[in-house]
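Everything below belongs to start.txt, which stores compact mmCIF, C-alpha atoms.
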# COMPACT_ATOMS: atom_id res chain seq x y z
CA MET A 1 -0.02 -14.87 5.19
CA ASP A 2 -0.39 -18.54 5.98
CA SER A 3 -3.04 -18.17 8.58
CA ARG A 4 -5.90 -15.81 8.68
CA PRO A 5 -5.68 -13.47 11.62
CA GLY A 6 -9.43 -13.47 12.04
CA TYR A 7 -10.89 -15.80 14.51
CA GLN A 8 -10.12 -19.42 15.12
CA ARG A 9 -12.64 -21.65 16.63
CA GLY A 10 -11.11 -23.33 19.63
CA SER A 11 -12.13 -26.56 21.25
CA SER A 12 -14.46 -24.69 23.54
CA ASN A 13 -17.35 -22.69 22.21
CA HIS A 14 -15.76 -19.31 22.55
CA LEU A 15 -13.95 -17.55 19.76
CA ALA A 16 -10.37 -16.51 20.11
CA TYR A 17 -9.40 -13.33 18.37
CA GLY A 18 -5.99 -13.81 16.81
CA GLY A 19 -5.66 -10.18 15.80
CA SER A 20 -6.82 -8.49 18.95
CA ALA A 21 -5.02 -10.90 21.23
CA SER A 22 -1.72 -9.87 19.70
CA ASN A 23 -2.67 -6.26 20.25
CA SER A 24 -3.14 -6.73 23.91
CA PRO A 25 -0.74 -4.64 25.96
CA ALA A 26 -0.80 -7.31 28.65
CA LEU A 27 1.35 -9.72 26.70
CA THR A 28 3.00 -12.23 28.95
CA GLY A 29 6.71 -12.87 28.91
CA ALA A 30 6.22 -16.37 27.56
CA GLN A 31 4.14 -15.10 24.67
CA ALA A 32 6.70 -12.51 23.81
CA ALA A 33 9.48 -15.06 23.86
CA ARG A 34 7.58 -17.37 21.59
CA ARG A 35 7.06 -14.56 19.11
CA ARG A 36 10.72 -13.67 19.02
CA LYS A 37 11.57 -17.15 17.80
CA GLN A 38 9.87 -16.56 14.47
CA PRO A 39 12.27 -16.34 11.54
CA PRO A 40 13.31 -12.87 10.43
CA ARG A 41 11.61 -11.31 7.41
CA PRO A 42 13.10 -9.09 4.73
CA ALA A 43 11.14 -6.00 5.78
CA ASP A 44 11.64 -4.58 9.25
CA PHE A 45 7.97 -3.97 9.89
CA LYS A 46 4.69 -4.86 8.31
CA LEU A 47 1.60 -2.87 8.95
CA GLN A 48 -1.93 -3.07 7.78
CA VAL A 49 -3.67 0.19 7.06
CA ILE A 50 -7.29 0.58 6.00
CA ILE A 51 -8.94 3.54 4.34
CA ILE A 52 -12.60 4.09 5.18
CA GLY A 53 -15.19 6.79 4.59
CA SER A 54 -18.40 7.44 2.74
CA ARG A 55 -18.89 6.93 -0.96
CA GLY A 56 -17.10 9.33 -3.26
CA VAL A 57 -14.78 10.95 -0.75
CA GLY A 58 -11.70 9.81 -2.68
CA LYS A 59 -10.47 6.81 -0.75
CA THR A 60 -9.20 5.07 -3.84
CA SER A 61 -7.42 8.19 -5.02
CA LEU A 62 -5.59 8.40 -1.74
CA MET A 63 -4.25 4.93 -2.32
CA GLU A 64 -2.81 5.76 -5.70
CA ARG A 65 -0.39 8.39 -6.69
CA PHE A 66 -1.82 11.02 -8.98
CA THR A 67 -0.85 10.11 -12.50
CA ASP A 68 -1.60 11.03 -16.06
CA ASP A 69 -5.28 10.18 -16.44
CA THR A 70 -5.31 9.50 -20.12
CA PHE A 71 -2.68 6.83 -19.96
CA CYS A 72 -4.03 5.31 -16.81
CA GLU A 73 -7.59 5.13 -17.95
CA ALA A 74 -6.50 3.39 -21.11
CA CYS A 75 -4.21 0.89 -19.49
CA LYS A 76 -5.05 0.17 -15.95
CA SER A 77 -7.06 -2.87 -15.18
CA THR A 78 -10.79 -2.51 -15.00
CA VAL A 79 -11.41 -4.98 -12.23
CA GLY A 80 -10.13 -2.61 -9.61
CA VAL A 81 -7.43 -2.94 -7.04
CA ASP A 82 -8.19 -4.88 -3.90
CA PHE A 83 -5.16 -3.89 -1.87
CA LYS A 84 -1.59 -2.74 -2.25
CA ILE A 85 1.74 -3.50 -0.76
CA LYS A 86 3.82 -0.35 -0.44
CA THR A 87 7.21 0.13 1.10
CA VAL A 88 8.21 3.23 2.98
CA GLU A 89 11.42 4.01 4.82
CA LEU A 90 11.20 5.77 8.12
CA ARG A 91 13.77 6.22 10.87
CA GLY A 92 16.09 3.93 8.96
CA LYS A 93 13.56 1.13 8.95
CA LYS A 94 11.94 -0.47 5.99
CA ILE A 95 8.22 -0.74 6.48
CA ARG A 96 5.85 -2.68 4.31
CA LEU A 97 2.33 -1.38 4.31
CA GLN A 98 -0.57 -3.48 3.26
CA ILE A 99 -3.16 -0.89 2.33
CA TRP A 100 -6.82 -1.79 1.98
CA ASP A 101 -9.22 0.61 0.42
CA THR A 102 -12.78 -0.23 1.27
CA ALA A 103 -14.35 1.47 -1.76
CA GLY A 104 -17.45 -0.25 -2.99
CA GLN A 105 -18.34 -1.47 0.46
CA GLU A 106 -19.59 1.79 1.84
CA ARG A 107 -22.72 0.58 3.54
CA PHE A 108 -21.73 0.83 7.14
CA ASN A 109 -22.34 -2.72 8.17
CA SER A 110 -21.14 -4.42 5.04
CA ILE A 111 -17.42 -4.13 5.59
CA THR A 112 -16.19 -7.25 7.20
CA SER A 113 -14.91 -6.82 10.68
CA ALA A 114 -11.69 -8.55 9.71
CA TYR A 115 -10.51 -5.41 7.97
CA TYR A 116 -10.82 -3.47 11.17
CA ARG A 117 -9.58 -6.10 13.55
CA SER A 118 -6.15 -6.44 12.06
CA ALA A 119 -5.59 -2.81 11.10
CA LYS A 120 -2.83 -0.96 12.90
CA GLY A 121 -3.78 2.27 11.20
CA ILE A 122 -7.15 3.56 10.10
CA ILE A 123 -7.54 6.50 7.74
CA LEU A 124 -11.04 7.95 7.94
CA VAL A 125 -11.82 10.17 4.97
CA TYR A 126 -14.49 12.76 4.27
CA ASP A 127 -14.96 15.23 1.45
CA ILE A 128 -14.63 18.90 2.47
CA THR A 129 -17.08 19.81 -0.29
CA LYS A 130 -19.79 17.40 0.86
CA LYS A 131 -21.34 18.07 4.22
CA GLU A 132 -23.06 14.70 4.39
CA THR A 133 -19.75 12.85 4.25
CA PHE A 134 -18.67 14.80 7.32
CA GLU A 135 -21.96 14.10 9.04
CA ASP A 136 -21.39 10.40 8.46
CA LEU A 137 -18.22 10.45 10.57
CA PRO A 138 -19.90 9.47 13.86
CA LYS A 139 -21.28 6.37 12.17
CA TRP A 140 -17.82 5.42 10.98
CA MET A 141 -16.51 6.01 14.48
CA LYS A 142 -19.09 3.55 15.74
CA MET A 143 -17.69 0.95 13.37
CA ILE A 144 -14.19 1.69 14.61
CA ASP A 145 -15.26 1.46 18.24
CA LYS A 146 -17.00 -1.79 17.60
CA TYR A 147 -14.46 -3.63 15.50
CA ALA A 148 -11.03 -2.04 15.56
CA SER A 149 -8.25 -2.61 18.01
CA GLU A 150 -8.22 0.05 20.66
CA GLU A 151 -4.60 0.68 19.81
CA ALA A 152 -5.13 1.35 16.13
CA GLU A 153 -3.88 4.78 15.14
CA LEU A 154 -6.60 7.00 13.73
CA LEU A 155 -6.15 9.71 11.17
CA LEU A 156 -8.99 11.91 9.94
CA VAL A 157 -8.51 13.27 6.43
CA GLY A 158 -10.53 16.04 4.85
CA ASN A 159 -10.02 15.29 1.18
CA LYS A 160 -10.50 17.33 -2.01
CA LEU A 161 -8.56 20.36 -0.85
CA ASP A 162 -8.18 21.16 -4.55
CA CYS A 163 -11.90 22.07 -4.60
CA GLU A 164 -11.53 24.90 -2.10
CA THR A 165 -14.23 27.03 -3.74
CA ASP A 166 -16.86 24.36 -3.07
CA ARG A 167 -15.83 23.85 0.53
CA GLU A 168 -18.70 23.13 2.94
CA ILE A 169 -16.73 21.96 5.95
CA THR A 170 -14.19 24.30 7.49
CA ARG A 171 -10.80 23.15 8.60
CA GLN A 172 -11.82 24.02 12.17
CA GLN A 173 -14.80 21.68 12.01
CA GLY A 174 -12.52 18.84 11.02
CA GLU A 175 -10.04 19.70 13.75
CA LYS A 176 -12.80 19.89 16.31
CA PHE A 177 -14.13 16.48 15.38
CA ALA A 178 -10.69 14.91 15.66
CA GLN A 179 -10.04 16.56 19.01
CA GLN A 180 -13.05 14.82 20.49
CA ILE A 181 -11.39 11.48 19.93
CA THR A 182 -8.28 10.82 21.92
CA GLY A 183 -5.27 10.21 19.75
CA MET A 184 -6.95 11.03 16.48
CA ARG A 185 -4.88 13.11 14.10
CA PHE A 186 -6.28 15.41 11.49
CA CYS A 187 -5.18 16.82 8.19
CA GLU A 188 -6.57 18.03 4.92
CA ALA A 189 -5.33 16.67 1.65
CA SER A 190 -5.84 16.54 -2.04
CA ALA A 191 -5.44 13.20 -3.70
CA LYS A 192 -5.91 14.93 -7.01
CA ASP A 193 -2.76 16.99 -6.85
CA ASN A 194 -1.08 14.62 -4.41
CA PHE A 195 -0.96 17.27 -1.69
CA ASN A 196 -0.24 15.72 1.70
CA VAL A 197 -0.89 12.19 0.47
CA ASP A 198 2.53 10.67 1.07
CA GLU A 199 2.71 12.61 4.32
CA ILE A 200 -0.52 11.01 5.48
CA PHE A 201 0.90 7.54 5.27
CA LEU A 202 4.23 8.49 6.78
CA LYS A 203 2.58 10.29 9.66
CA LEU A 204 0.38 7.33 10.40
CA VAL A 205 3.25 4.86 10.23
CA ASP A 206 5.37 7.05 12.46
CA ASP A 207 2.62 7.16 15.07
CA ILE A 208 2.23 3.41 14.95
CA LEU A 209 5.95 2.79 15.33
CA LYS A 210 6.27 5.22 18.20
CA LYS A 211 3.70 3.24 20.12
CA MET A 212 5.32 -0.12 19.65
CA PRO A 213 7.76 -1.83 21.93
CA LEU A 214 10.51 -2.66 19.47
CA ASP A 215 11.11 -6.27 20.41
CA LEU A 216 7.49 -7.08 19.67
CA VAL A 217 7.05 -5.26 16.47
CA ARG A 218 8.45 -7.64 13.95
CA SER A 219 6.49 -10.74 14.72
CA GLU A 220 3.41 -9.04 15.94
CA LEU A 221 2.93 -7.19 12.75
CA SER A 222 3.34 -10.19 10.58
CA ASN A 223 0.59 -11.82 12.56
CA SER A 224 -1.71 -8.93 11.98
CA ILE A 225 -1.78 -9.14 8.24
CA LEU A 226 -4.91 -10.21 6.49
CA SER A 227 -4.46 -13.07 4.12
CA LEU A 228 -6.43 -13.55 0.97
CA GLN A 229 -8.85 -16.00 2.48
CA PRO A 230 -12.47 -14.95 2.18
CA GLU A 231 -14.04 -13.94 5.45
CA PRO A 232 -16.70 -16.35 6.68
CA GLU A 233 -20.25 -15.12 6.29
CA VAL A 234 -21.18 -15.55 9.91
CA PRO A 235 -19.80 -12.73 12.01
CA PRO A 236 -17.88 -13.67 15.10
CA GLU A 237 -18.93 -12.59 18.53
CA LEU A 238 -18.04 -8.96 18.99
CA PRO A 239 -15.39 -7.80 21.39
CA PRO A 240 -16.70 -5.36 23.97
CA PRO A 241 -17.06 -1.85 22.57
CA ARG A 242 -14.27 0.41 23.50
CA PRO A 243 -14.88 3.45 25.67
CA PRO A 244 -15.74 6.66 23.83
CA LEU A 245 -12.51 8.30 24.91
CA ARG A 246 -9.49 6.44 23.72
CA CYS A 247 -6.67 6.07 26.11
CA CYS A 248 -3.20 6.86 24.80
CA MET B 1 18.98 -11.45 -22.20
CA GLU B 2 18.02 -14.05 -19.66
CA GLN B 3 21.58 -14.72 -18.55
CA ASP B 4 21.98 -11.08 -17.94
CA LEU B 5 19.02 -11.02 -15.57
CA VAL B 6 19.62 -14.17 -13.59
CA SER B 7 22.47 -14.45 -11.12
CA VAL B 8 24.39 -17.65 -10.42
CA ASP B 9 22.09 -18.60 -7.60
CA GLY B 10 19.06 -18.36 -9.89
CA LYS B 11 17.77 -15.11 -8.47
CA ASN B 12 16.97 -11.86 -10.23
CA SER B 13 20.25 -10.02 -10.52
CA ARG B 14 18.55 -6.67 -11.04
CA ALA B 15 15.65 -4.91 -9.41
CA VAL B 16 12.29 -5.25 -11.13
CA LEU B 17 10.58 -1.97 -12.04
CA CYS B 18 7.31 -0.85 -13.54
CA GLN B 19 7.77 -0.34 -17.28
CA ARG B 20 5.80 2.84 -17.22
CA CYS B 21 6.51 4.74 -14.05
CA GLY B 22 9.63 3.03 -12.73
CA CYS B 23 8.03 2.12 -9.42
CA ARG B 24 10.08 -0.58 -7.72
CA VAL B 25 8.29 -3.92 -7.69
CA LEU B 26 11.02 -6.27 -6.45
CA SER B 27 14.49 -5.68 -5.13
CA ALA B 28 17.38 -7.58 -6.68
CA GLY B 29 18.05 -11.08 -5.42
CA VAL B 30 14.64 -11.94 -3.99
CA ALA B 31 12.87 -13.79 -6.81
CA THR B 32 13.63 -16.94 -8.78
CA LEU B 33 13.09 -17.41 -12.49
CA ALA B 34 10.12 -19.69 -13.14
CA LYS B 35 9.10 -21.13 -16.48
CA ARG B 36 5.40 -21.62 -16.57
CA GLU B 37 2.80 -20.72 -19.16
CA LEU B 38 0.37 -18.26 -17.63
CA LEU B 39 -2.42 -16.40 -19.35
CA LEU B 40 -2.40 -12.67 -18.65
CA PRO B 41 -4.89 -10.17 -20.07
CA SER B 42 -3.32 -7.70 -22.45
CA MET B 43 -1.88 -4.50 -21.02
CA ARG B 44 -3.15 -2.47 -23.93
CA LYS B 45 -6.89 -2.94 -23.91
CA LYS B 46 -8.91 -1.59 -21.09
CA SER B 47 -11.78 -3.94 -21.79
CA SER B 48 -9.75 -7.09 -21.69
CA LEU B 49 -10.61 -8.09 -18.15
CA SER B 50 -14.25 -7.15 -18.15
CA GLU B 51 -15.24 -8.88 -21.37
CA SER B 52 -14.96 -12.40 -20.19
CA SER B 53 -16.42 -13.72 -23.43
CA SER B 54 -13.39 -12.91 -25.53
CA PRO B 55 -10.60 -11.71 -23.30
CA ASP B 56 -7.58 -10.42 -25.11
CA CYS B 57 -4.89 -12.45 -23.43
CA GLU B 58 -1.27 -13.28 -23.86
CA LEU B 59 0.44 -16.48 -22.91
CA LEU B 60 3.61 -15.65 -21.03
CA ALA B 61 6.23 -18.18 -20.07
CA GLU B 62 8.91 -16.46 -18.01
CA HIS B 63 8.22 -15.06 -14.60
CA TRP B 64 9.85 -13.91 -11.42
CA LEU B 65 8.46 -16.05 -8.64
CA VAL B 66 8.24 -15.12 -4.97
CA HIS B 67 6.51 -17.00 -2.20
CA ASP B 68 5.47 -14.25 0.17
CA MET B 69 3.53 -11.17 -0.84
CA PHE B 70 5.62 -9.13 1.57
CA THR B 71 8.66 -9.78 -0.57
CA PHE B 72 7.31 -7.15 -2.94
CA GLU B 73 8.53 -3.61 -2.51
CA ASN B 74 5.42 -2.21 -4.14
CA VAL B 75 2.60 -4.01 -5.88
CA GLY B 76 -1.17 -3.91 -6.23
CA PHE B 77 -3.50 -6.89 -6.17
CA THR B 78 -6.69 -6.72 -8.21
CA LYS B 79 -9.98 -7.99 -6.95
CA ASP B 80 -10.61 -11.64 -7.68
CA VAL B 81 -11.17 -12.69 -11.27
CA GLY B 82 -12.40 -16.20 -10.70
CA SER B 83 -9.71 -17.61 -8.46
CA ILE B 84 -7.03 -15.28 -9.82
CA LYS B 85 -5.73 -12.01 -8.54
CA TYR B 86 -3.69 -10.09 -11.08
CA LEU B 87 -0.74 -8.01 -10.01
CA VAL B 88 -0.50 -4.37 -11.09
CA CYS B 89 1.89 -1.50 -10.47
CA ALA B 90 1.21 -0.02 -7.05
CA ASP B 91 1.70 3.54 -8.23
CA CYS B 92 0.30 3.87 -11.74
CA GLU B 93 -1.74 0.65 -11.68
CA VAL B 94 -0.59 -0.38 -15.11
CA GLY B 95 -1.01 -4.08 -15.62
CA PRO B 96 -1.55 -6.86 -15.25
CA ILE B 97 2.12 -7.43 -14.65
CA GLY B 98 1.68 -10.65 -12.74
CA TRP B 99 -0.48 -13.48 -11.59
CA HIS B 100 -1.53 -15.05 -8.32
CA SER B 101 -3.92 -17.93 -7.89
CA LEU B 102 -5.88 -18.16 -4.66
CA GLU B 103 -5.45 -21.90 -5.00
CA GLU B 104 -1.68 -21.57 -4.77
CA LYS B 105 -1.38 -19.43 -1.72
CA SER B 106 2.34 -18.93 -1.76
CA ASN B 107 3.11 -18.37 -5.43
CA PHE B 108 3.30 -14.87 -6.83
CA TYR B 109 4.44 -14.48 -10.44
CA VAL B 110 5.64 -11.36 -12.22
CA ALA B 111 6.00 -11.68 -16.00
CA LEU B 112 9.44 -10.67 -17.26
CA GLU B 113 7.94 -9.21 -20.41
CA ARG B 114 5.72 -6.87 -18.46
CA VAL B 115 8.36 -5.17 -16.37
CA ARG B 116 11.74 -3.60 -16.88
CA HIS B 117 14.96 -4.29 -15.06
CA GLU B 118 17.12 -1.75 -13.36
Just give me the structure of the file as structure tokens.
Amino acid sequence: MDSRPGYQRGSSNHLAYGGSASNSPALTGAQAARRRKQPPRPADFKLQVIIIGSRGVGKTSLMERFTDDTFCEACKSTVGVDFKIKTVELRGKKIRLQIWDTAGQERFNSITSAYYRSAKGIILVYDITKKETFEDLPKWMKMIDKYASEEAELLLVGNKLDCETDREITRQQGEKFAQQITGMRFCEASAKDNFNVDEIFLKLVDDILKKMPLDLVRSELSNSILSLQPEPEVPPELPPPRPPLRCC
Amino acid sequence: MEQDLVSVDGKNSRAVLCQRCGCRVLSAGVATLAKRELLLPSMRKKSSLSESSSPDCELLAEHWLVHDMFTFENVGFTKDVGSIKYLVCADCEVGPIGWHSLEEKSNFYVALERVRHE
């Protein structure tokens, strides 16, 4: 967390992307060797995951475990949670997730690109009872194409499965949307009764780990973490948009 | 009580858990005991953080200190309150249980009084 993964202005006038450079599959041997020299960290892996989607789809609820409302409402802080560190164990590895929920920043262009750039996993959420949140998905995909690493794992979540009677979007519609995007997974969930919520994170983490060459993982992931520095107002030059079909 | 919680090397001898839901905040042996007076909004009143005019705060003096946010097993960071981010339970969001100043990048404090020990 010492250095922001965003961009660093070099001596020349171009901007170097710390985050996306480390995502590049064409990592040279020298770069890899340099990374391996970093000191070991207590967790095996560190991953950044972001949760995006239109207003009211339940992004924040996905980030928290369903708990007794009365107590929580009375005691939890009113300023709102910015992000969480959560630890999961998978395949005998200890993985620290840094989970960012983008609630409150729903206007499509207002979320800083830094969130996307350093995310290894992106959870895109819509509400199965609100057609418009499903219709917004292509716009969110545009944001992903524009800002996210091509290698970020994508998971589409149809939330509010507990409101089945008000359903407007069928499971098949969700599946069909996800199928159009290479590598995108799909599931339905209910943050309210915690159905599928833990599974969502585990599934995403598993997909990320499967993709990673093991000797790179440790250091690369620690580089990808967003620090608490505010993002500069001026947006950096954009990386080229990725092709509509993602390559696996 | 303190002796019981601190091992010979000055670290927390027991894991640090959320008082309410038992969610694991820190594993044993990763944090040092720090004495520093820090002002944390009360855990009891919902309005304490939003009413900046008369915040209901407590001065707490004993904390577990870690220097990397990834030392935490589970924790939530609130949005900025001035230059402070408060720490809350990652699962039930009870809190604040700790304190982090954006001006001290590598100090993360968890108040002993606001957590329980395994």
Tell me which of B:Ala34, B:Val25, B:Val66, B:Ala111 sits closest to chain A, counting only C-alpha atoms.
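Result for the nearest residue to chain A: B:Val25.
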Contact set, chain B to chain A: 8 Å, only C-alpha atoms, as number ranges by chain
B: 43-47, 49-50, 68-79, 81, 88, 90-96, 102, 105
List as a compact mmCIF listing (two decimals) with C-alpha atoms, in the coordinates of the input the protein and nucleic acid residues near Ser42 in chain B, meaning an atom at most 8 Å away when all atoms listed in the file are counted, but skip any in the same chain fewer than 5 places from it.
# COMPACT_ATOMS: atom_id res chain seq x y z
CA SER B 48 -9.75 -7.09 -21.69
CA ASP B 56 -7.58 -10.42 -25.11
CA CYS B 57 -4.89 -12.45 -23.43
CA GLU B 58 -1.27 -13.28 -23.86
CA PRO B 96 -1.55 -6.86 -15.25
Point-to-point distance in Å for CA of Glu104 in chain B and CA of Arg20 in chain B:
28.4 Å
Env of Gln172 in chain A: 12 Å cut, atoms = only C-alpha atoms, seq-sep filter 6 positions within chain, self excluded. Answer as an MDAnalysis selection string.
chainID A and resid 128 158 178:179 186:188
Which one of A:Leu62, A:Ile181, A:Ile50, A:Ile208 sits closest to Glu151 in chain A if you count all atoms listed in the file?
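Of all the options, A:Ile208 lies closest to Glu151 in chain A.
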